[in-house]
file input-v3.csv (CSV, C-alpha atoms and all ligand atoms)
chain,number,residue,atom,x,y,z
A,1,MET,CA,-51.5,-19.7,82.1
A,2,GLN,CA,-50.2,-19.2,78.7
A,3,PHE,CA,-49.2,-21.8,76.2
A,4,PRO,CA,-47.4,-21.5,72.8
A,5,ASP,CA,-49.2,-21.6,69.5
A,6,ILE,CA,-48.4,-24.4,67.3
A,7,GLN,CA,-46.7,-23.3,64.1
A,8,LEU,CA,-45.6,-25.4,61.2
A,9,ALA,CA,-44.0,-22.8,59.0
A,10,LEU,CA,-42.3,-24.0,55.8
A,11,PRO,CA,-38.7,-22.9,55.4
A,12,ASP,CA,-38.3,-19.6,53.5
A,13,TRP,CA,-36.8,-21.3,50.4
A,14,VAL,CA,-39.8,-23.5,49.7
A,15,GLY,CA,-41.9,-20.8,48.0
A,16,ASP,CA,-39.2,-19.9,45.5
A,17,PHE,CA,-38.4,-23.6,44.9
A,18,CYS,CA,-42.1,-24.2,43.9
A,19,ALA,CA,-42.3,-21.0,41.8
A,20,GLN,CA,-39.1,-22.0,39.9
A,21,TRP,CA,-40.1,-25.6,39.2
A,22,GLN,CA,-40.2,-25.8,35.4
A,23,GLU,CA,-41.2,-29.4,34.8
A,24,GLY,CA,-45.0,-29.0,35.5
A,25,PHE,CA,-47.3,-31.2,37.4
A,26,ASP,CA,-49.5,-32.7,34.7
A,27,THR,CA,-48.3,-36.3,35.1
A,28,GLU,CA,-47.8,-38.6,38.1
A,29,LEU,CA,-44.1,-38.9,37.3
A,30,LYS,CA,-43.6,-35.2,37.2
A,31,ARG,CA,-45.5,-34.7,40.5
A,32,ALA,CA,-43.3,-37.5,42.1
A,33,ALA,CA,-40.1,-36.0,40.7
A,34,PHE,CA,-41.1,-32.6,42.2
A,35,VAL,CA,-41.7,-34.1,45.6
A,36,VAL,CA,-38.4,-36.1,45.5
A,37,ALA,CA,-36.5,-32.9,44.5
A,38,LEU,CA,-38.2,-31.1,47.4
A,39,SER,CA,-37.0,-33.8,49.8
A,40,ARG,CA,-33.5,-33.5,48.5
A,41,GLU,CA,-33.5,-29.7,48.8
A,42,ASN,CA,-34.7,-30.1,52.5
A,43,VAL,CA,-31.6,-32.2,53.1
A,44,LEU,CA,-29.2,-29.9,51.2
A,45,ARG,CA,-30.6,-26.8,53.0
A,46,GLY,CA,-30.4,-28.6,56.4
A,47,THR,CA,-34.0,-27.6,57.2
A,48,GLY,CA,-35.4,-31.0,58.3
A,49,GLY,CA,-35.5,-34.7,57.6
A,50,PRO,CA,-35.2,-36.3,54.2
A,51,PHE,CA,-38.9,-36.3,53.4
A,52,ALA,CA,-41.3,-34.2,51.4
A,53,ALA,CA,-44.9,-34.4,50.3
A,54,ALA,CA,-47.3,-32.3,48.4
A,55,VAL,CA,-51.1,-32.1,47.7
A,56,PHE,CA,-52.0,-31.7,44.0
A,57,ASP,CA,-55.1,-31.1,42.0
A,58,SER,CA,-54.0,-33.8,39.6
A,59,ALA,CA,-56.8,-33.4,37.1
A,60,ARG,CA,-55.6,-29.8,36.5
A,61,GLY,CA,-52.0,-30.5,37.0
A,62,MET,CA,-51.7,-28.0,39.8
A,63,LEU,CA,-49.7,-27.9,43.0
A,64,VAL,CA,-52.0,-27.1,46.0
A,65,ALA,CA,-49.6,-27.3,48.9
A,66,PRO,CA,-46.0,-28.5,49.5
A,67,GLY,CA,-44.7,-30.0,52.7
A,68,VAL,CA,-41.3,-30.9,54.1
A,69,ASN,CA,-40.3,-32.8,57.2
A,70,LEU,CA,-39.9,-30.3,60.1
A,71,VAL,CA,-39.6,-32.5,63.1
A,72,VAL,CA,-36.3,-31.4,64.5
A,73,PRO,CA,-36.4,-27.7,63.7
A,74,THR,CA,-39.9,-27.3,65.1
A,75,CYS,CA,-39.6,-29.6,68.1
A,76,CYS,CA,-42.7,-31.4,66.9
A,77,SER,CA,-42.7,-35.2,66.5
A,78,SER,CA,-45.8,-35.0,64.3
A,79,ALA,CA,-44.3,-32.5,61.8
A,80,HIS,CA,-43.9,-35.1,59.1
A,81,ALA,CA,-44.0,-34.0,55.5
A,82,GLU,CA,-47.4,-35.5,54.9
A,83,ILE,CA,-49.0,-33.8,57.9
A,84,VAL,CA,-47.4,-30.5,56.9
A,85,ALA,CA,-48.6,-30.7,53.3
A,86,LEU,CA,-52.1,-31.8,54.3
A,87,SER,CA,-52.4,-29.1,57.0
A,88,ILE,CA,-51.3,-26.3,54.6
A,89,ALA,CA,-53.7,-27.6,51.9
A,90,GLN,CA,-56.5,-27.5,54.5
A,91,GLN,CA,-55.6,-23.9,55.4
A,92,ILE,CA,-55.6,-22.9,51.7
A,93,MET,CA,-58.9,-24.7,51.1
A,94,GLU,CA,-60.3,-23.3,54.4
A,95,THR,CA,-61.7,-26.7,55.4
A,96,HIS,CA,-60.5,-29.6,57.4
A,97,ASP,CA,-62.0,-31.9,54.7
A,98,LEU,CA,-60.1,-32.0,51.4
A,99,GLY,CA,-62.8,-34.3,50.1
A,100,ALA,CA,-65.5,-31.8,50.7
A,101,SER,CA,-68.1,-31.3,48.0
A,102,GLY,CA,-67.1,-28.5,45.6
A,103,LEU,CA,-63.4,-29.3,45.8
A,104,PRO,CA,-61.6,-31.2,43.0
A,105,PRO,CA,-60.4,-34.7,43.9
A,106,LEU,CA,-57.0,-34.1,45.6
A,107,GLU,CA,-53.9,-36.3,45.6
A,108,LEU,CA,-51.2,-36.6,48.2
A,109,VAL,CA,-47.7,-37.5,46.8
A,110,SER,CA,-45.1,-38.5,49.4
A,111,SER,CA,-41.4,-39.0,48.9
A,112,THR,CA,-41.5,-42.0,51.2
A,113,GLU,CA,-44.5,-44.2,52.0
A,114,PRO,CA,-46.4,-42.9,55.0
A,115,CYS,CA,-45.4,-44.1,58.5
A,116,ALA,CA,-48.1,-45.4,60.9
A,117,MET,CA,-49.1,-41.9,62.0
A,118,CYS,CA,-49.3,-40.4,58.5
A,119,MET,CA,-51.1,-43.5,57.2
A,120,GLY,CA,-53.7,-42.8,59.8
A,121,ALA,CA,-53.9,-39.2,58.8
A,122,VAL,CA,-54.6,-39.8,55.1
A,123,PRO,CA,-58.2,-41.0,55.4
A,124,TRP,CA,-59.1,-38.1,57.8
A,125,SER,CA,-57.6,-35.6,55.3
A,126,GLY,CA,-60.1,-36.2,52.5
A,127,VAL,CA,-57.5,-36.9,49.8
A,128,ARG,CA,-58.6,-39.5,47.2
A,129,ARG,CA,-55.3,-40.8,46.0
A,130,LEU,CA,-51.9,-41.4,47.5
A,131,VAL,CA,-48.7,-41.7,45.4
A,132,CYS,CA,-45.6,-43.0,47.2
A,133,CYS,CA,-42.0,-42.9,46.0
A,134,ALA,CA,-39.5,-44.7,48.3
A,135,ARG,CA,-40.8,-47.6,50.3
A,136,GLY,CA,-41.0,-47.8,54.1
A,137,GLU,CA,-38.2,-50.3,54.0
A,138,ASP,CA,-36.0,-47.8,52.3
A,139,ALA,CA,-36.5,-45.5,55.3
A,140,GLU,CA,-36.0,-48.3,57.7
A,141,ALA,CA,-32.7,-49.1,56.0
A,142,ILE,CA,-31.3,-45.8,57.3
A,143,GLY,CA,-32.7,-46.3,60.8
A,144,MET,CA,-36.0,-44.5,60.5
A,145,ASP,CA,-39.0,-46.2,62.3
A,146,GLU,CA,-42.1,-46.6,60.2
A,147,GLY,CA,-44.2,-47.6,63.3
A,148,ALA,CA,-46.8,-50.2,63.7
A,149,LYS,CA,-48.3,-50.1,60.3
A,150,PRO,CA,-50.5,-53.0,59.2
A,151,ALA,CA,-49.0,-55.2,56.5
A,152,ASN,CA,-52.1,-54.6,54.3
A,153,TRP,CA,-52.1,-50.8,54.8
A,154,GLU,CA,-52.7,-50.2,51.1
A,155,ALA,CA,-55.8,-52.4,51.2
A,156,ALA,CA,-57.0,-50.5,54.4
A,157,LEU,CA,-56.8,-47.2,52.5
A,158,ALA,CA,-58.4,-48.7,49.4
A,159,ALA,CA,-61.3,-49.9,51.5
A,160,ARG,CA,-61.8,-46.2,52.4
A,161,GLY,CA,-61.8,-45.2,48.7
A,162,ILE,CA,-58.2,-44.0,48.6
A,163,ARG,CA,-56.2,-45.5,45.7
A,164,VAL,CA,-52.5,-46.1,46.5
A,165,VAL,CA,-49.8,-46.1,43.9
A,166,ARG,CA,-46.3,-47.1,45.0
A,167,ASP,CA,-42.7,-47.0,43.7
A,168,VAL,CA,-42.9,-43.9,41.5
A,169,CYS,CA,-39.3,-42.5,41.4
A,170,ARG,CA,-38.4,-45.0,44.1
A,171,ALA,CA,-34.7,-45.2,43.3
A,172,GLU,CA,-34.3,-41.4,43.3
A,173,ALA,CA,-36.2,-41.0,46.6
A,174,ALA,CA,-34.2,-43.8,48.3
A,175,ASP,CA,-31.1,-42.1,47.2
A,176,VAL,CA,-32.1,-38.9,49.1
A,177,LEU,CA,-32.6,-41.1,52.2
A,178,ARG,CA,-29.2,-42.6,51.9
A,179,ASP,CA,-27.5,-39.3,51.2
A,180,TYR,CA,-29.1,-37.8,54.4
A,181,ALA,CA,-27.8,-40.7,56.5
A,182,ALA,CA,-24.3,-40.3,54.9
A,183,ARG,CA,-24.4,-36.6,55.9
A,184,GLY,CA,-25.1,-37.6,59.5
A,185,GLY,CA,-28.7,-36.3,59.6
A,186,PRO,CA,-30.5,-36.9,62.8
A,187,ILE,CA,-32.5,-40.2,63.0
A,188,TYR,CA,-35.3,-39.2,65.4
A,189,ASN,CA,-37.3,-42.2,66.3
A,190,GLY,CA,-39.6,-42.9,69.2
A,191,ARG,CA,-38.2,-44.6,72.3
A,192,ASP,CA,-37.2,-47.9,71.0
A,193,GLY,CA,-34.2,-48.7,73.1
A,194,ALA,CA,-31.6,-47.5,75.5
A,195,GLY,CA,-29.0,-45.2,74.1
A,196,GLU,CA,-31.3,-43.9,71.3
A,197,LYS,CA,-31.2,-40.4,72.6
A,198,SER,CA,-27.5,-40.2,72.8
A,199,LYS,CA,-27.3,-41.5,69.3
A,200,VAL,CA,-29.6,-38.7,68.1
A,201,GLU,CA,-27.7,-36.1,70.0
A,202,SER,CA,-24.4,-37.1,68.5
A,203,ARG,CA,-25.9,-37.1,65.0
A,204,LYS,CA,-27.5,-33.7,65.6
A,205,SER,CA,-24.1,-32.3,66.6
A,206,LYS,CA,-22.8,-33.2,63.1
A,207,PHE,CA,-25.7,-31.9,61.2
A,208,GLN,CA,-26.3,-28.3,60.3
A,209,THR,CA,-29.9,-27.7,61.3
A,210,GLU,CA,-31.7,-25.4,63.6
A,211,ASP,CA,-32.1,-26.8,67.0
A,212,CYS,CA,-35.1,-26.3,69.3
A,213,ARG,CA,-35.2,-22.8,70.7
B,1,ZN,ZN,-45.1,-39.9,58.9

call {"tool": "encode", "arguments": {"input": "input-v3.csv", "output": "structure tokens"}}
result
Amino acid sequence: MQFPDIQLALPDWVGDFCAQWQEGFDTELKRAAFVVALSRENVLRGTGGPFAAAVFDSARGMLVAPGVNLVVPTCCSSAHAEIVALSIAQQIMETHDLGASGLPPLELVSSTEPCAMCMGAVPWSGVRRLVCCARGEDAEAIGMDEGAKPANWEAALAARGIRVVRDVCRAEAADVLRDYAARGGPIYNGRDGAGEKSKVESRKSKFQTEDCR
């Protein structure tokens, strides 16, 4: 039997977008602004959901790996921006553990607070710090499901030595979410009620994105 490889390829435009970013990455605000701009570009290009993330070497002010949401175009429910960015960073660093000895402390910046799945992925990844822009409730306001995340999720990460910073560029990030919804972008949640699939299908038909092939 043969089964397909799993590929989480970034859209072609992402490399140029990163190369042309002029603002730098030396402050938390600049790193957050970059990630929010990346999420906006993913919406404008129609290449995925309204979410982006990136792994940074914050001490050196360097971008390590970007990620954008690729759920619909890759037919992969786990292709959230955080998972994509962490996975690419791990490929670049050639280790599953971004906290391995010899590596600089790495930071994950996410345009929206991690959902239940991504919150679980953060401690396994080895990053030491998490910076969030929009809040989970901002994503829920457009119909996205954040999943069964504990109310004290920040404390749960802090207990594992991961510092969480919230609300950096929140207004700008929430604006990207609202713009995506206004454009009719697909809201692809888990099975949470009858009629959900037909709602997604009707939204997809209005949204210019690559469907599953
Ligand atoms: Zn997620």

call {"tool": "closest_atom_pairs", "arguments": {"input": "input-v3.csv", "of": "chain A", "to": "ligand ZN 1 (chain B)", "cutoff": "7 Å", "atoms": "only C-alpha atoms and all ligand atoms", "output": "JSON lines"}}
result
{"residue": "A:His80", "atom": "CA", "partner": "B:ZN1", "partner_atom": "ZN", "distance": 5.0}
{"residue": "A:Ala81", "atom": "CA", "partner": "B:ZN1", "partner_atom": "ZN", "distance": 6.9}
{"residue": "A:Glu82", "atom": "CA", "partner": "B:ZN1", "partner_atom": "ZN", "distance": 6.4}
{"residue": "A:Pro114", "atom": "CA", "partner": "B:ZN1", "partner_atom": "ZN", "distance": 5.1}
{"residue": "A:Cys115", "atom": "CA", "partner": "B:ZN1", "partner_atom": "ZN", "distance": 4.2}
{"residue": "A:Ala116", "atom": "CA", "partner": "B:ZN1", "partner_atom": "ZN", "distance": 6.6}
{"residue": "A:Met117", "atom": "CA", "partner": "B:ZN1", "partner_atom": "ZN", "distance": 5.4}
{"residue": "A:Cys118", "atom": "CA", "partner": "B:ZN1", "partner_atom": "ZN", "distance": 4.2}

call {"tool": "write_last_selection", "arguments": {"input": "input-v3.csv", "atoms": "C-alpha atoms", "output": "CSV table (one decimal), in the frame of the given file"}}
result
chain,number,residue,atom,x,y,z
A,80,HIS,CA,-43.9,-35.1,59.1
A,81,ALA,CA,-44.0,-34.0,55.5
A,82,GLU,CA,-47.4,-35.5,54.9
A,114,PRO,CA,-46.4,-42.9,55.0
A,115,CYS,CA,-45.4,-44.1,58.5
A,116,ALA,CA,-48.1,-45.4,60.9
A,117,MET,CA,-49.1,-41.9,62.0
A,118,CYS,CA,-49.3,-40.4,58.5

call {"tool": "closest_atom_pairs", "arguments": {"input": "input-v3.csv", "of": "stretch 3-34 of chain A", "to": "stretch 88-102 of chain A", "cutoff": "12 Å", "atoms": "only C-alpha atoms", "output": "tab-separated table"}}
result
residue	atom	partner	partner_atom	distance
A:Gln7	CA	A:Ile88	CA	11.0
A:Leu8	CA	A:Ile88	CA	8.8
A:Ala9	CA	A:Ile88	CA	9.2
A:Leu10	CA	A:Ile88	CA	9.4

call {"tool": "residues_around", "arguments": {"input": "input-v3.csv", "residues": "A:Leu130", "least_positions_apart": "3", "cutoff": "9 Å", "atoms": "all atoms listed in the file", "output": "list in words"}}
result
Glu107, Leu108, Val109, Ser110, Val122, Val127, Ile162, Arg163, Val164, Val165 and Arg166 of chain A

call {"tool": "closest_atom_pairs", "arguments": {"input": "input-v3.csv", "of": "stretch 19-96 of chain A", "to": "stretch 172-184 of chain A", "cutoff": "6 Å", "atoms": "all atoms listed in the file", "output": "tab-separated table"}}
result
residue	atom	partner	partner_atom	distance
A:Val36	CA	A:Ala173	CA	5.5
A:Arg40	CA	A:Val176	CA	5.6
A:Pro50	CA	A:Leu177	CA	5.8

call {"tool": "atom_distance", "arguments": {"input": "input-v3.csv", "atom1": "atom CA of A:Asp145", "atom2": "atom CA of A:Asn189"}}
result
5.9 Å

call {"tool": "atom_distance", "arguments": {"input": "input-v3.csv", "atom1": "atom CA of A:Ser77", "atom2": "atom CA of A:Gly48"}}
result
11.8 Å

call {"tool": "closest_residue", "arguments": {"input": "input-v3.csv", "among": "A:Lys30, A:Leu106, A:Ser111, A:Ser87", "to": "A:Ala59", "atoms": "only C-alpha atoms"}}
result
A:Leu106

call {"tool": "atom_distance", "arguments": {"input": "input-v3.csv", "atom1": "atom CA of A:Trp13", "atom2": "atom CA of A:Ala37"}}
result
13.0 Å

call {"tool": "residues_around", "arguments": {"input": "input-v3.csv", "residues": "A:Ala65", "least_positions_apart": "6", "cutoff": "6 Å", "atoms": "all atoms listed in the file", "output": "JSON, numbers by chain"}}
result
{"A": [54, 55, 85, 89]}

call {"tool": "closest_residue", "arguments": {"input": "input-v3.csv", "among": "A:Phe3, A:Cys133, A:Ala151, A:Leu63", "to": "A:Trp21", "atoms": "only C-alpha atoms"}}
result
A:Leu63

call {"tool": "residues_around", "arguments": {"input": "input-v3.csv", "residues": "A:Pro150", "least_positions_apart": "3", "cutoff": "12 Å", "atoms": "all atoms listed in the file", "output": "ChimeraX atom specification"}}
result
/A:114-117,119-120,136,146-147,153-157

call {"tool": "closest_residue", "arguments": {"input": "input-v3.csv", "among": "A:Val14, A:Ile187, A:Leu86, A:Ala19", "to": "A:Ser39", "atoms": "only C-alpha atoms"}}
result
A:Val14

call {"tool": "residues_around", "arguments": {"input": "input-v3.csv", "residues": "A:Glu28", "least_positions_apart": "5", "cutoff": "9 Å", "atoms": "all atoms listed in the file", "output": "number ranges by chain"}}
result
A: 33, 58, 109, 131, 168
